[in-house]
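K.L.:
Dropping in structure_20.txt, which is compact mmCIF, C-alpha atoms:
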# COMPACT_ATOMS: atom_id res chain seq x y z
CA MET K 1 150.93 -1.71 -77.00
CA GLY K 2 147.35 -1.47 -78.13
CA VAL K 3 147.34 -4.92 -79.62
CA THR K 4 144.88 -7.60 -78.73
CA ASP K 5 145.97 -11.10 -79.71
CA ALA K 6 142.70 -12.97 -79.41
CA PRO K 7 141.17 -12.91 -82.91
CA TRP K 8 137.73 -14.01 -81.71
CA THR K 9 137.45 -10.79 -79.71
CA LEU K 10 138.35 -8.47 -82.59
CA GLY K 11 135.75 -5.89 -83.54
CA VAL K 12 136.26 -6.74 -87.20
CA CYS K 13 134.51 -10.08 -86.53
CA ALA K 14 131.33 -8.43 -85.20
CA PRO K 15 128.25 -9.06 -87.36
CA ASP K 16 127.00 -5.96 -89.15
CA ARG K 17 124.49 -5.28 -91.93
CA SER K 18 126.27 -2.23 -93.32
CA ARG K 19 127.82 -2.37 -96.78
CA ALA K 20 131.19 -4.07 -96.29
CA ILE K 21 134.46 -4.30 -98.16
CA LEU K 22 136.41 -7.36 -97.06
CA VAL K 23 140.13 -6.95 -97.75
CA VAL K 24 142.11 -10.17 -97.34
CA THR K 25 145.88 -9.76 -97.22
CA VAL K 26 148.93 -10.96 -95.35
CA ASP K 27 149.67 -7.70 -93.53
CA GLY K 28 146.76 -5.24 -93.84
CA GLU K 29 148.60 -2.64 -95.93
CA LEU K 30 146.14 -2.84 -98.82
CA ALA K 31 143.19 -2.55 -96.41
CA VAL K 32 144.64 0.71 -95.10
CA ALA K 33 144.94 2.04 -98.66
CA VAL K 34 141.39 0.96 -99.52
CA ARG K 35 140.01 2.66 -96.42
CA ASP K 36 141.58 5.92 -97.57
CA VAL K 37 139.55 5.92 -100.80
CA VAL K 38 136.17 4.97 -99.33
CA PRO K 39 133.90 8.02 -98.97
CA ARG K 40 132.72 8.60 -95.40
CA GLY K 41 129.67 6.63 -94.40
CA MET K 42 129.52 4.60 -97.61
CA ALA K 43 131.04 1.30 -96.47
CA VAL K 44 132.95 -0.39 -93.69
CA VAL K 45 136.37 -1.80 -94.58
CA ARG K 46 137.04 -5.11 -92.86
CA ASP K 47 140.72 -5.95 -92.70
CA ALA K 48 141.10 -9.74 -92.76
CA ARG K 49 143.87 -12.33 -92.89
CA ALA K 50 143.49 -15.62 -94.74
CA GLU K 51 142.85 -17.46 -91.48
CA ASP K 52 139.95 -15.29 -90.33
CA ALA K 53 138.56 -14.21 -93.74
CA GLY K 54 135.81 -16.86 -93.69
CA ASP K 55 134.58 -15.81 -90.26
CA ILE K 56 134.71 -12.12 -91.11
CA ALA K 57 132.92 -12.73 -94.43
CA ALA K 58 130.18 -14.52 -92.48
CA ALA K 59 129.87 -11.45 -90.23
CA CYS K 60 129.17 -9.22 -93.25
CA LEU K 61 125.39 -9.47 -93.51
CA PRO K 62 123.96 -10.66 -95.78
CA TRP K 63 127.35 -11.01 -97.53
CA PRO K 64 130.32 -8.72 -98.32
CA TRP K 65 129.54 -6.16 -101.02
CA MET K 66 133.13 -6.26 -102.23
CA VAL K 67 136.06 -8.61 -101.61
CA ILE K 68 139.60 -7.50 -102.36
CA GLY K 69 142.59 -9.78 -101.97
CA ASN K 70 146.30 -9.95 -102.43
CA ALA K 71 148.82 -12.77 -102.02
CA VAL K 72 146.52 -15.11 -100.14
CA SER K 73 144.70 -18.27 -101.09
CA LEU K 74 140.93 -18.57 -100.85
CA THR K 75 139.55 -20.49 -97.93
CA PRO K 76 136.65 -22.83 -98.81
CA ALA K 77 134.23 -20.66 -96.83
CA LEU K 78 135.16 -17.50 -98.69
CA ALA K 79 135.25 -19.29 -102.06
CA THR K 80 131.67 -20.46 -101.45
CA VAL K 81 130.47 -16.91 -100.77
CA LEU K 82 132.17 -15.60 -103.92
CA ARG K 83 130.79 -18.45 -106.02
CA GLU K 84 127.19 -18.13 -104.83
CA ARG K 85 126.66 -14.42 -104.21
CA PRO K 86 126.99 -11.30 -106.36
CA VAL K 87 130.15 -9.98 -104.71
CA LEU K 88 132.38 -7.46 -106.47
CA THR K 89 135.67 -9.35 -106.49
CA TYR K 90 138.97 -7.62 -107.15
CA TRP K 91 142.39 -9.15 -106.80
CA LEU K 92 145.83 -7.57 -106.76
CA GLY K 93 148.44 -9.79 -108.40
CA ALA K 94 148.04 -13.43 -109.32
CA ALA K 95 144.53 -14.77 -108.84
CA PRO K 96 144.20 -17.75 -106.52
CA ALA K 97 142.23 -20.84 -107.51
CA GLY K 98 138.51 -20.58 -106.84
CA LEU K 99 137.82 -16.96 -107.85
CA PRO K 100 134.55 -16.56 -109.77
CA GLU K 101 134.61 -15.80 -113.48
CA HIS K 102 133.53 -12.19 -112.96
CA ALA K 103 136.50 -11.44 -110.66
CA ARG K 104 138.88 -8.75 -111.92
CA CYS K 105 142.64 -8.90 -111.37
CA PHE K 106 145.06 -5.97 -111.34
CA ASP K 107 148.82 -5.64 -111.41
CA ARG K 108 148.98 -2.22 -109.78
CA PRO K 109 147.32 -1.06 -106.55
CA ALA K 110 146.60 2.38 -108.01
CA VAL K 111 144.38 0.87 -110.72
CA LEU K 112 142.54 -1.28 -108.21
CA LEU K 113 141.94 1.74 -105.96
CA ASP K 114 140.55 3.70 -108.91
CA ILE K 115 138.11 0.88 -109.55
CA VAL K 116 137.03 0.98 -105.89
CA ARG K 117 136.47 4.75 -106.12
CA GLY K 118 134.49 4.23 -109.31
CA ALA K 119 132.23 1.65 -107.67
CA PHE K 120 131.07 4.25 -105.14
CA ALA K 121 130.49 6.85 -107.84
CA ALA K 122 128.38 4.51 -109.98
CA ASN K 123 125.17 6.04 -111.29
CA VAL K 124 122.92 3.86 -113.40
CA GLY K 125 120.03 5.88 -114.77
CA GLY K 126 119.84 7.86 -111.51
CA MET K 127 120.27 4.80 -109.29
CA HIS K 128 123.20 5.21 -106.93
CA LEU K 129 124.49 3.74 -103.68
CA ALA K 130 122.96 5.24 -100.57
CA PRO K 131 125.20 5.84 -97.54
CA GLY K 132 125.66 2.69 -95.46
CA SER K 133 123.35 0.37 -97.37
CA GLY K 134 120.76 0.33 -100.10
CA VAL K 135 120.30 2.05 -103.43
CA GLU K 136 118.54 5.35 -104.04
CA LEU K 137 116.43 5.47 -107.16
CA GLY K 138 116.23 8.56 -109.32
CA ASP K 139 113.08 9.71 -107.49
CA GLY K 140 114.75 9.44 -104.07
CA THR K 141 113.17 6.10 -103.12
CA LEU K 142 115.52 3.95 -101.07
CA LEU K 143 115.64 0.24 -101.92
CA ARG K 144 117.47 -2.04 -99.53
CA GLY K 145 119.12 -5.13 -100.99
CA ALA K 146 122.69 -6.27 -101.38
CA THR K 147 122.18 -7.67 -104.89
CA LEU K 148 121.00 -4.36 -106.32
CA GLU K 149 123.96 -2.59 -104.66
CA SER K 150 126.32 -5.00 -106.39
CA LEU K 151 124.62 -4.67 -109.79
CA VAL K 152 124.72 -0.86 -109.65
CA ALA K 153 128.39 -0.80 -108.64
CA ALA K 154 129.40 -3.39 -111.24
CA TYR K 155 127.54 -1.74 -114.14
CA PRO K 156 128.04 -2.19 -117.08
CA GLY K 157 129.68 -5.40 -115.85
CA GLY K 158 127.80 -8.16 -114.13
CA PHE K 159 127.95 -11.48 -112.36
CA ALA K 160 128.38 -15.02 -113.66
CA LEU K 161 125.62 -16.36 -111.44
CA PRO K 162 122.22 -18.02 -111.94
CA ALA K 163 119.34 -15.71 -112.92
CA ARG K 164 117.39 -16.79 -109.83
CA ASN K 165 119.81 -14.74 -107.68
CA PHE K 166 118.47 -11.60 -109.35
CA ARG K 167 114.71 -12.20 -109.45
CA ALA K 168 113.95 -10.15 -106.35
CA VAL K 169 115.87 -7.21 -107.81
CA ALA K 170 114.08 -7.52 -111.16
CA ASP K 171 110.72 -7.56 -109.37
CA ALA K 172 111.60 -4.56 -107.21
CA LEU K 173 112.83 -2.52 -110.18
CA ALA K 174 109.63 -3.30 -112.09
CA ARG K 175 107.46 -2.51 -109.07
CA HIS K 176 109.11 0.88 -108.67
CA ASP K 177 109.05 1.57 -112.40
CA ALA K 178 112.77 2.25 -112.26
CA GLY K 179 113.25 1.94 -116.01
CA TRP K 180 115.84 -0.80 -115.53
CA ALA K 181 115.74 -4.58 -115.54
CA THR K 182 118.17 -7.46 -115.09
CA GLU K 183 119.36 -9.50 -118.02
CA ARG K 184 122.18 -11.82 -119.03
CA ASP K 185 124.75 -10.03 -121.21
CA HIS K 186 126.94 -11.32 -124.07
CA ASN K 187 129.53 -12.48 -121.49
CA ASP K 188 126.84 -14.63 -119.88
CA ARG K 189 126.75 -12.37 -116.83
CA MET K 190 123.68 -10.95 -115.16
CA THR K 191 123.67 -7.18 -115.40
CA LEU K 192 121.35 -4.16 -115.44
CA VAL K 193 119.83 -3.05 -118.73
CA PRO K 194 117.28 -0.34 -119.54
CA SER K 195 113.78 -1.85 -119.41
CA ALA K 196 113.07 -0.82 -122.99
CA VAL K 197 116.08 -2.82 -124.21
CA ALA K 198 115.07 -5.84 -122.13
CA VAL K 199 111.53 -5.79 -123.57
CA ARG K 200 112.80 -5.52 -127.18
CA ARG K 201 114.92 -8.62 -126.66
CA MET F 1 114.26 16.77 -69.33
CA ARG F 2 117.90 17.04 -70.38
CA ALA F 3 120.20 14.04 -70.08
CA ASN F 4 123.81 15.01 -70.60
CA PRO F 5 125.33 12.53 -73.04
CA GLU F 6 128.35 10.56 -71.90
CA VAL F 7 131.73 10.59 -73.61
CA LEU F 8 134.21 7.79 -72.91
CA ILE F 9 137.84 8.94 -72.68
CA LEU F 10 140.75 6.51 -72.43
CA GLU F 11 144.00 8.40 -71.91
CA ASP F 12 146.91 7.11 -69.83
CA ASP F 13 148.44 10.55 -69.16
CA ALA F 14 146.72 12.06 -66.10
CA GLU F 15 147.23 15.66 -67.16
CA THR F 16 145.87 15.12 -70.66
CA LEU F 17 142.94 13.15 -69.26
CA ASP F 18 142.09 16.04 -66.91
CA GLU F 19 142.24 18.47 -69.80
CA LEU F 20 139.96 16.35 -71.96
CA GLN F 21 137.49 15.78 -69.12
CA SER F 22 137.35 19.51 -68.35
CA HIS F 23 136.76 20.26 -72.02
CA PHE F 24 133.77 17.93 -72.16
CA THR F 25 132.39 19.12 -68.84
CA ARG F 26 132.48 22.71 -70.13
CA LYS F 27 130.52 21.52 -73.15
CA ARG F 28 127.99 19.90 -70.80
CA PHE F 29 128.85 16.34 -71.70
CA HIS F 30 129.38 13.82 -68.96
CA PRO F 31 132.94 12.47 -69.33
CA LEU F 32 133.67 8.88 -68.37
CA GLY F 33 137.45 9.09 -67.95
CA ALA F 34 139.86 6.16 -67.61
CA ARG F 35 143.65 5.92 -67.45
CA SER F 36 143.72 2.20 -68.22
CA ALA F 37 141.93 -0.06 -70.65
CA SER F 38 140.62 -2.27 -67.84
CA ARG F 39 139.04 0.79 -66.17
CA ALA F 40 137.48 1.83 -69.48
CA LEU F 41 136.04 -1.68 -69.93
CA SER F 42 134.67 -1.52 -66.42
CA LEU F 43 133.03 1.88 -67.11
CA LEU F 44 131.43 0.45 -70.25
CA GLU F 45 130.18 -2.56 -68.30
CA HIS F 46 128.72 -0.45 -65.48
CA ASN F 47 127.00 1.95 -67.85
CA ARG F 48 125.80 -0.82 -70.12
CA TYR F 49 122.13 -0.58 -69.26
CA SER F 50 121.89 3.04 -68.19
CA SER F 51 123.54 4.83 -71.04
CA ARG F 52 125.54 4.54 -74.24
CA PRO F 53 128.30 7.11 -74.84
CA VAL F 54 127.80 9.36 -77.85
CA LEU F 55 131.54 9.50 -78.44
CA ALA F 56 134.69 7.62 -77.38
CA ILE F 57 138.20 9.09 -77.44
CA ILE F 58 140.85 6.38 -77.26
CA ASP F 59 144.60 6.75 -76.85
CA TRP F 60 146.13 3.78 -78.67
CA ASP F 61 149.45 3.90 -76.80
CA LEU F 62 148.89 3.20 -73.10
CA GLY F 63 152.51 3.04 -71.87
CA LYS F 64 151.72 5.12 -68.75
CA ALA F 65 148.61 3.20 -67.77
CA PRO F 66 148.57 2.16 -64.10
CA ASP F 67 147.14 -1.24 -65.05
CA ARG F 68 148.04 -3.08 -68.25
CA SER F 69 145.87 -6.14 -67.91
CA ALA F 70 143.87 -5.02 -70.96
CA SER F 71 144.78 -3.07 -74.08
CA SER F 72 143.28 -0.21 -76.05
CA GLY F 73 142.54 -2.85 -78.73
CA ASP F 74 140.33 -4.67 -76.21
CA VAL F 75 138.35 -1.48 -75.55
CA LEU F 76 138.01 -0.79 -79.28
CA SER F 77 136.85 -4.33 -79.95
CA ARG F 78 134.28 -4.05 -77.18
CA LEU F 79 133.04 -0.76 -78.60
CA ALA F 80 132.83 -2.27 -82.10
CA ARG F 81 130.90 -5.28 -80.87
CA GLU F 82 128.56 -3.69 -78.37
CA LEU F 83 128.39 0.05 -79.11
CA ARG F 84 128.72 0.16 -82.86
CA GLU F 85 126.73 3.37 -83.07
CA CYS F 86 129.24 5.24 -80.89
CA PRO F 87 131.73 7.24 -82.99
CA VAL F 88 135.30 6.52 -81.92
CA ILE F 89 138.40 8.65 -82.38
CA VAL F 90 141.71 6.82 -81.87
CA TYR F 91 144.89 8.81 -81.58
CA SER F 92 148.47 7.69 -81.63
CA GLN F 93 151.99 9.00 -82.21
CA ASN F 94 152.38 6.26 -84.83
CA ILE F 95 149.13 6.67 -86.71
CA ASP F 96 151.00 6.86 -90.03
CA ALA F 97 152.38 3.33 -89.64
CA PHE F 98 150.21 0.99 -91.67
CA ASN F 99 150.60 -1.84 -89.16
CA VAL F 100 149.25 0.40 -86.36
CA ARG F 101 146.36 1.50 -88.56
CA SER F 102 145.68 -2.09 -89.50
CA GLN F 103 145.65 -3.19 -85.85
CA ILE F 104 143.28 -0.34 -84.97
CA GLN F 105 140.97 -1.15 -87.87
CA ARG F 106 140.88 -4.82 -87.01
CA SER F 107 139.90 -3.85 -83.48
CA HIS F 108 137.32 -1.30 -84.65
CA PRO F 109 136.66 -1.05 -88.39
CA ARG F 110 134.84 2.29 -88.04
CA ALA F 111 137.35 4.06 -85.82
CA LEU F 112 138.41 7.53 -86.94
CA LEU F 113 142.15 8.10 -86.72
CA HIS F 114 143.96 11.14 -85.35
CA ASP F 115 147.65 11.98 -85.25
CA LYS F 116 148.76 12.64 -81.69
CA ARG F 117 151.79 14.57 -82.96
CA ASP F 118 149.41 17.37 -84.01
CA GLY F 119 148.87 18.10 -80.30
CA ASP F 120 145.93 18.11 -77.90
CA ALA F 121 144.53 21.34 -79.36
CA SER F 122 144.14 19.68 -82.73
CA LEU F 123 142.28 16.76 -81.14
CA LEU F 124 139.95 19.11 -79.25
CA GLU F 125 139.27 21.07 -82.42
CA ARG F 126 138.35 17.91 -84.25
CA ILE F 127 136.08 16.79 -81.42
CA ASP F 128 134.36 20.18 -81.39
CA ARG F 129 133.81 20.04 -85.12
CA MET F 130 132.21 16.66 -84.62
CA LEU F 131 130.03 17.59 -81.67
CA ASP F 132 129.02 21.14 -82.60
CA ARG F 133 127.79 19.91 -85.91
CA THR F 134 125.45 21.61 -88.27
CA VAL F 135 123.50 19.25 -90.51
CA GLY F 136 121.13 21.00 -92.89
CA ASP F 137 119.11 23.36 -90.71
CA LEU F 138 119.98 21.54 -87.45
CA ARG F 139 122.75 22.31 -85.01
CA ILE F 140 123.86 20.65 -81.79
CA HIS F 141 124.11 23.11 -78.93
CA ASP F 142 125.99 22.45 -75.69
CA GLY F 143 126.04 18.75 -76.42
CA THR F 144 122.54 18.37 -75.04
CA VAL F 145 120.09 19.77 -77.56
CA VAL F 146 119.45 19.74 -81.28
CA VAL F 147 118.36 23.18 -82.43
CA HIS F 148 116.23 23.74 -85.52
CA LEU F 149 117.90 26.93 -86.72
CA PRO F 150 115.02 28.59 -88.60
CA THR F 151 112.70 28.41 -85.55
CA LEU F 152 115.30 27.99 -82.74
CA ASP F 153 113.11 25.20 -81.35
CA GLN F 154 115.02 22.55 -79.45
CA HIS F 155 114.88 18.76 -79.30
CA HIS F 156 116.49 17.33 -76.21
CA HIS F 157 116.80 13.60 -76.60
CA ARG F 158 120.27 12.07 -76.70
CA GLU F 159 119.35 9.74 -79.57
CA ALA F 160 118.64 12.82 -81.69
CA ILE F 161 122.11 14.11 -80.84
CA ARG F 162 123.55 10.74 -81.75
CA LEU F 163 121.95 10.88 -85.19
CA VAL F 164 123.23 14.39 -85.87
CA VAL F 165 126.75 13.57 -84.63
CA HIS F 166 126.76 10.49 -86.84
CA HIS F 167 125.49 12.12 -90.03
CA PRO F 168 125.70 10.81 -92.77
CA ASP F 169 126.32 7.40 -91.19
CA ILE F 170 123.60 4.92 -90.27
CA VAL F 171 122.98 4.50 -86.54
CA THR F 172 121.62 1.28 -85.04
CA PHE F 173 119.44 1.74 -81.97
CA HIS F 174 119.25 -1.06 -79.47
CA SER F 175 116.03 -0.63 -77.55
CA ASP F 176 112.38 0.09 -78.19
CA THR F 177 112.74 3.22 -76.06
CA ALA F 178 115.56 4.53 -78.23
CA THR F 179 113.70 3.63 -81.43
CA LYS F 180 110.57 5.42 -80.22
CA ALA F 181 112.67 8.47 -79.36
CA VAL F 182 114.15 8.41 -82.86
CA ARG F 183 110.70 8.22 -84.46
CA ARG F 184 109.54 11.14 -82.30
CA PHE F 185 112.56 13.06 -83.51
CA GLY F 186 111.59 12.21 -87.10
CA GLU F 187 108.08 13.54 -86.46
CA TRP F 188 109.57 16.65 -84.84
CA LEU F 189 111.69 17.26 -87.94
CA HIS F 190 108.64 16.83 -90.16
CA SER F 191 106.45 19.12 -88.07
CA HIS F 192 109.13 21.81 -88.22
CA GLY F 193 109.42 21.53 -91.99
CA SER F 194 113.11 20.75 -91.55
CA ALA F 195 115.31 20.17 -94.58
CA VAL F 196 116.58 17.11 -92.70
CA ARG F 197 114.63 13.85 -92.93
CA LEU F 198 114.86 10.68 -90.92
CA VAL F 199 115.52 7.66 -93.17
CA SER F 200 114.75 4.17 -91.92
CA HIS F 201 116.94 1.31 -93.11
CA GLY F 202 114.95 -1.30 -91.17
CA ASN F 203 116.19 -3.41 -88.24
CA ARG F 204 116.33 -0.31 -86.00
CA LYS F 205 118.78 1.42 -88.31
CA TYR F 206 118.29 5.08 -89.12
CA ARG F 207 120.20 7.94 -90.64
CA LEU F 208 119.58 11.59 -91.40
CA ASN F 209 119.37 12.87 -94.94
CA VAL F 210 119.39 16.51 -95.95
CA THR F 211 117.86 15.84 -99.33
CA PRO F 212 114.33 14.50 -99.56
CA THR F 213 114.19 10.71 -99.45
CA GLU F 214 111.12 8.64 -98.86
CA GLY F 215 110.83 7.31 -95.33
CA ALA F 216 110.48 3.56 -95.11
CA ALA F 217 112.81 1.49 -97.24
CA PRO F 218 111.55 -1.93 -98.30
CA ASP F 219 114.10 -4.74 -98.24
CA ILE F 220 113.75 -6.26 -101.67
CA GLU F 221 115.42 -9.48 -100.62
CA ALA F 222 113.53 -9.94 -97.36
Please express what this file holds, its structure, as structure tokens.
P.N.:
Amino acid sequence: MGVTDAPWTLGVCAPDRSRAILVVTVDGELAVAVRDVVPRGMAVVRDARAEDAGDIAAACLPWPWMVIGNAVSLTPALATVLRERPVLTYWLGAAPAGLPEHARCFDRPAVLLDIVRGAFAANVGGMHLAPGSGVELGDGTLLRGATLESLVAAYPGGFALPARNFRAVADALARHDAGWATERDHNDRMTLVPSAVAVRR
Amino acid sequence: MRANPEVLILEDDAETLDELQSHFTRKRFHPLGARSASRALSLLEHNRYSSRPVLAIIDWDLGKAPDRSASSGDVLSRLARELRECPVIVYSQNIDAFNVRSQIQRSHPRALLHDKRDGDASLLERIDRMLDRTVGDLRIHDGTVVVHLPTLDQHHHREAIRLVVHHPDIVTFHSDTATKAVRRFGEWLHSHGSAVRLVSHGNRKYRLNVTPTEGAAPDIEA
């Protein structure tokens, strides 16, 4: 009754700079479950199908903060985003070809949903996700930037991406004397480390 | 000057629509009522440049609508694309069904969901909770003013009401006039020593914060 069949008119395709969770599934059931665990105002859940996932990912500006999938293959457009950007990537069930090395796969939805909850609760030396977008530092300063949001939420994990993707974050953290820096960990992933540790190394 | 904020209501049942419109009129909002999706789209189009509703109430099931050339999904998609800052409540008898929820969320990812089986009173209660909000030391009164409770001073601009209604969400403002009004509201909060602060997220995006946060946020990847 309330259904609109024209995918190009769907609100989920509208560009938006708020923190976004892109959930790509066959039927939307997992997206509904994810939405139920997202604290109010913290992120927008975008419910995608394989055929429109690339377009919807492109509408998440600058890129989706988190991508969750189940039982779908990766379109080339989405695979490119996941390969080139620090996107928290979680998959339920068998992983499709093209997922980045730092993607995490789960057998049970409950475990995946706990991980999503945990991402919002992340606190790295006082740095935590601000509502909607950005990261609040321990002193209340708000820093906008999707990469820092991803690093905070992934901590102590990180991203198998080139160091150049994280230079702006490293500079901003140093400028604000946040006490944290970016560094490659023993898994060859870029992550946050206390500045003192980074200097010693 | 007071400008009563508009509320868009899409409800196919004439009696329920009357009840909702009366409720908002009593609260000094200006209801834009429609029994069909096409009428709601037309109201949005005609009010496009003059106003932007502070709230939309959408009935998902429009079986009694006099005109079915458009759907509630079309209205939601339009709201999501063009009036993202407008909070939307969608109600349906089948809100528990994941496929209905999925369809609603694909039409409007930020829509709030309400179970129609809980009755009209429950919907009105929820709306009142949303509109008569208290955020820190601020309270919306009569839908038209934001009151600073310690001093009882009032701020009358609709964009201020929008920010309070939306708390803690970010609101995007679409004109220089609206952005200036928001900044004036921020200055008003500061001059009153309010516990609420205006936080800028850049690109005309603002939110209210009840704990101290520094004003301008640099984009570290800009």
K.L.:
Just the residues within 9 Å of Gly143 of chain F, please, counting all atoms listed in the file, with nothing from its chain fewer than 5 positions along; format it as an NGL selection string.
P.N.:
:F and (4-5 or 24 or 27-29 or 131-132 or 158 or 161)
K.L.:
How would you write as an MDAnalysis selection string the residues that get within 9 Å of (119.5, 13.3, -86.8) in the file's frame, counting all atoms listed in the file?
P.N.:
chainID F and resid 135 138 146 159:168 182 185:186 189 196:198 206:209
K.L.:
Have a look at K:Glu84, K:Asp171, K:Asp47, K:Asp36 and name the one nearest to Ala20 of chain K; count all atoms listed in the file.
P.N.:
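Under the stated criterion, the closest residue is K:Asp47.
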K.L.:
Please determine, counting all atoms listed in the file, which residue among F:Thr179, F:Asn203, F:Ser122, F:Thr25 has the shortest atom-to-atom distance to chain K.
P.N.:
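So, comparing all the options, the nearest one is F:Asn203.
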K.L.:
Which polymer residues, protein or nucleic acid, are no farther than 12 Å from (132.5, -21.6, -98.8), counting all atoms listed in the file, as a ChimeraX atom specification?
P.N.:
/K:53-55,57-58,63,74-85,98-99
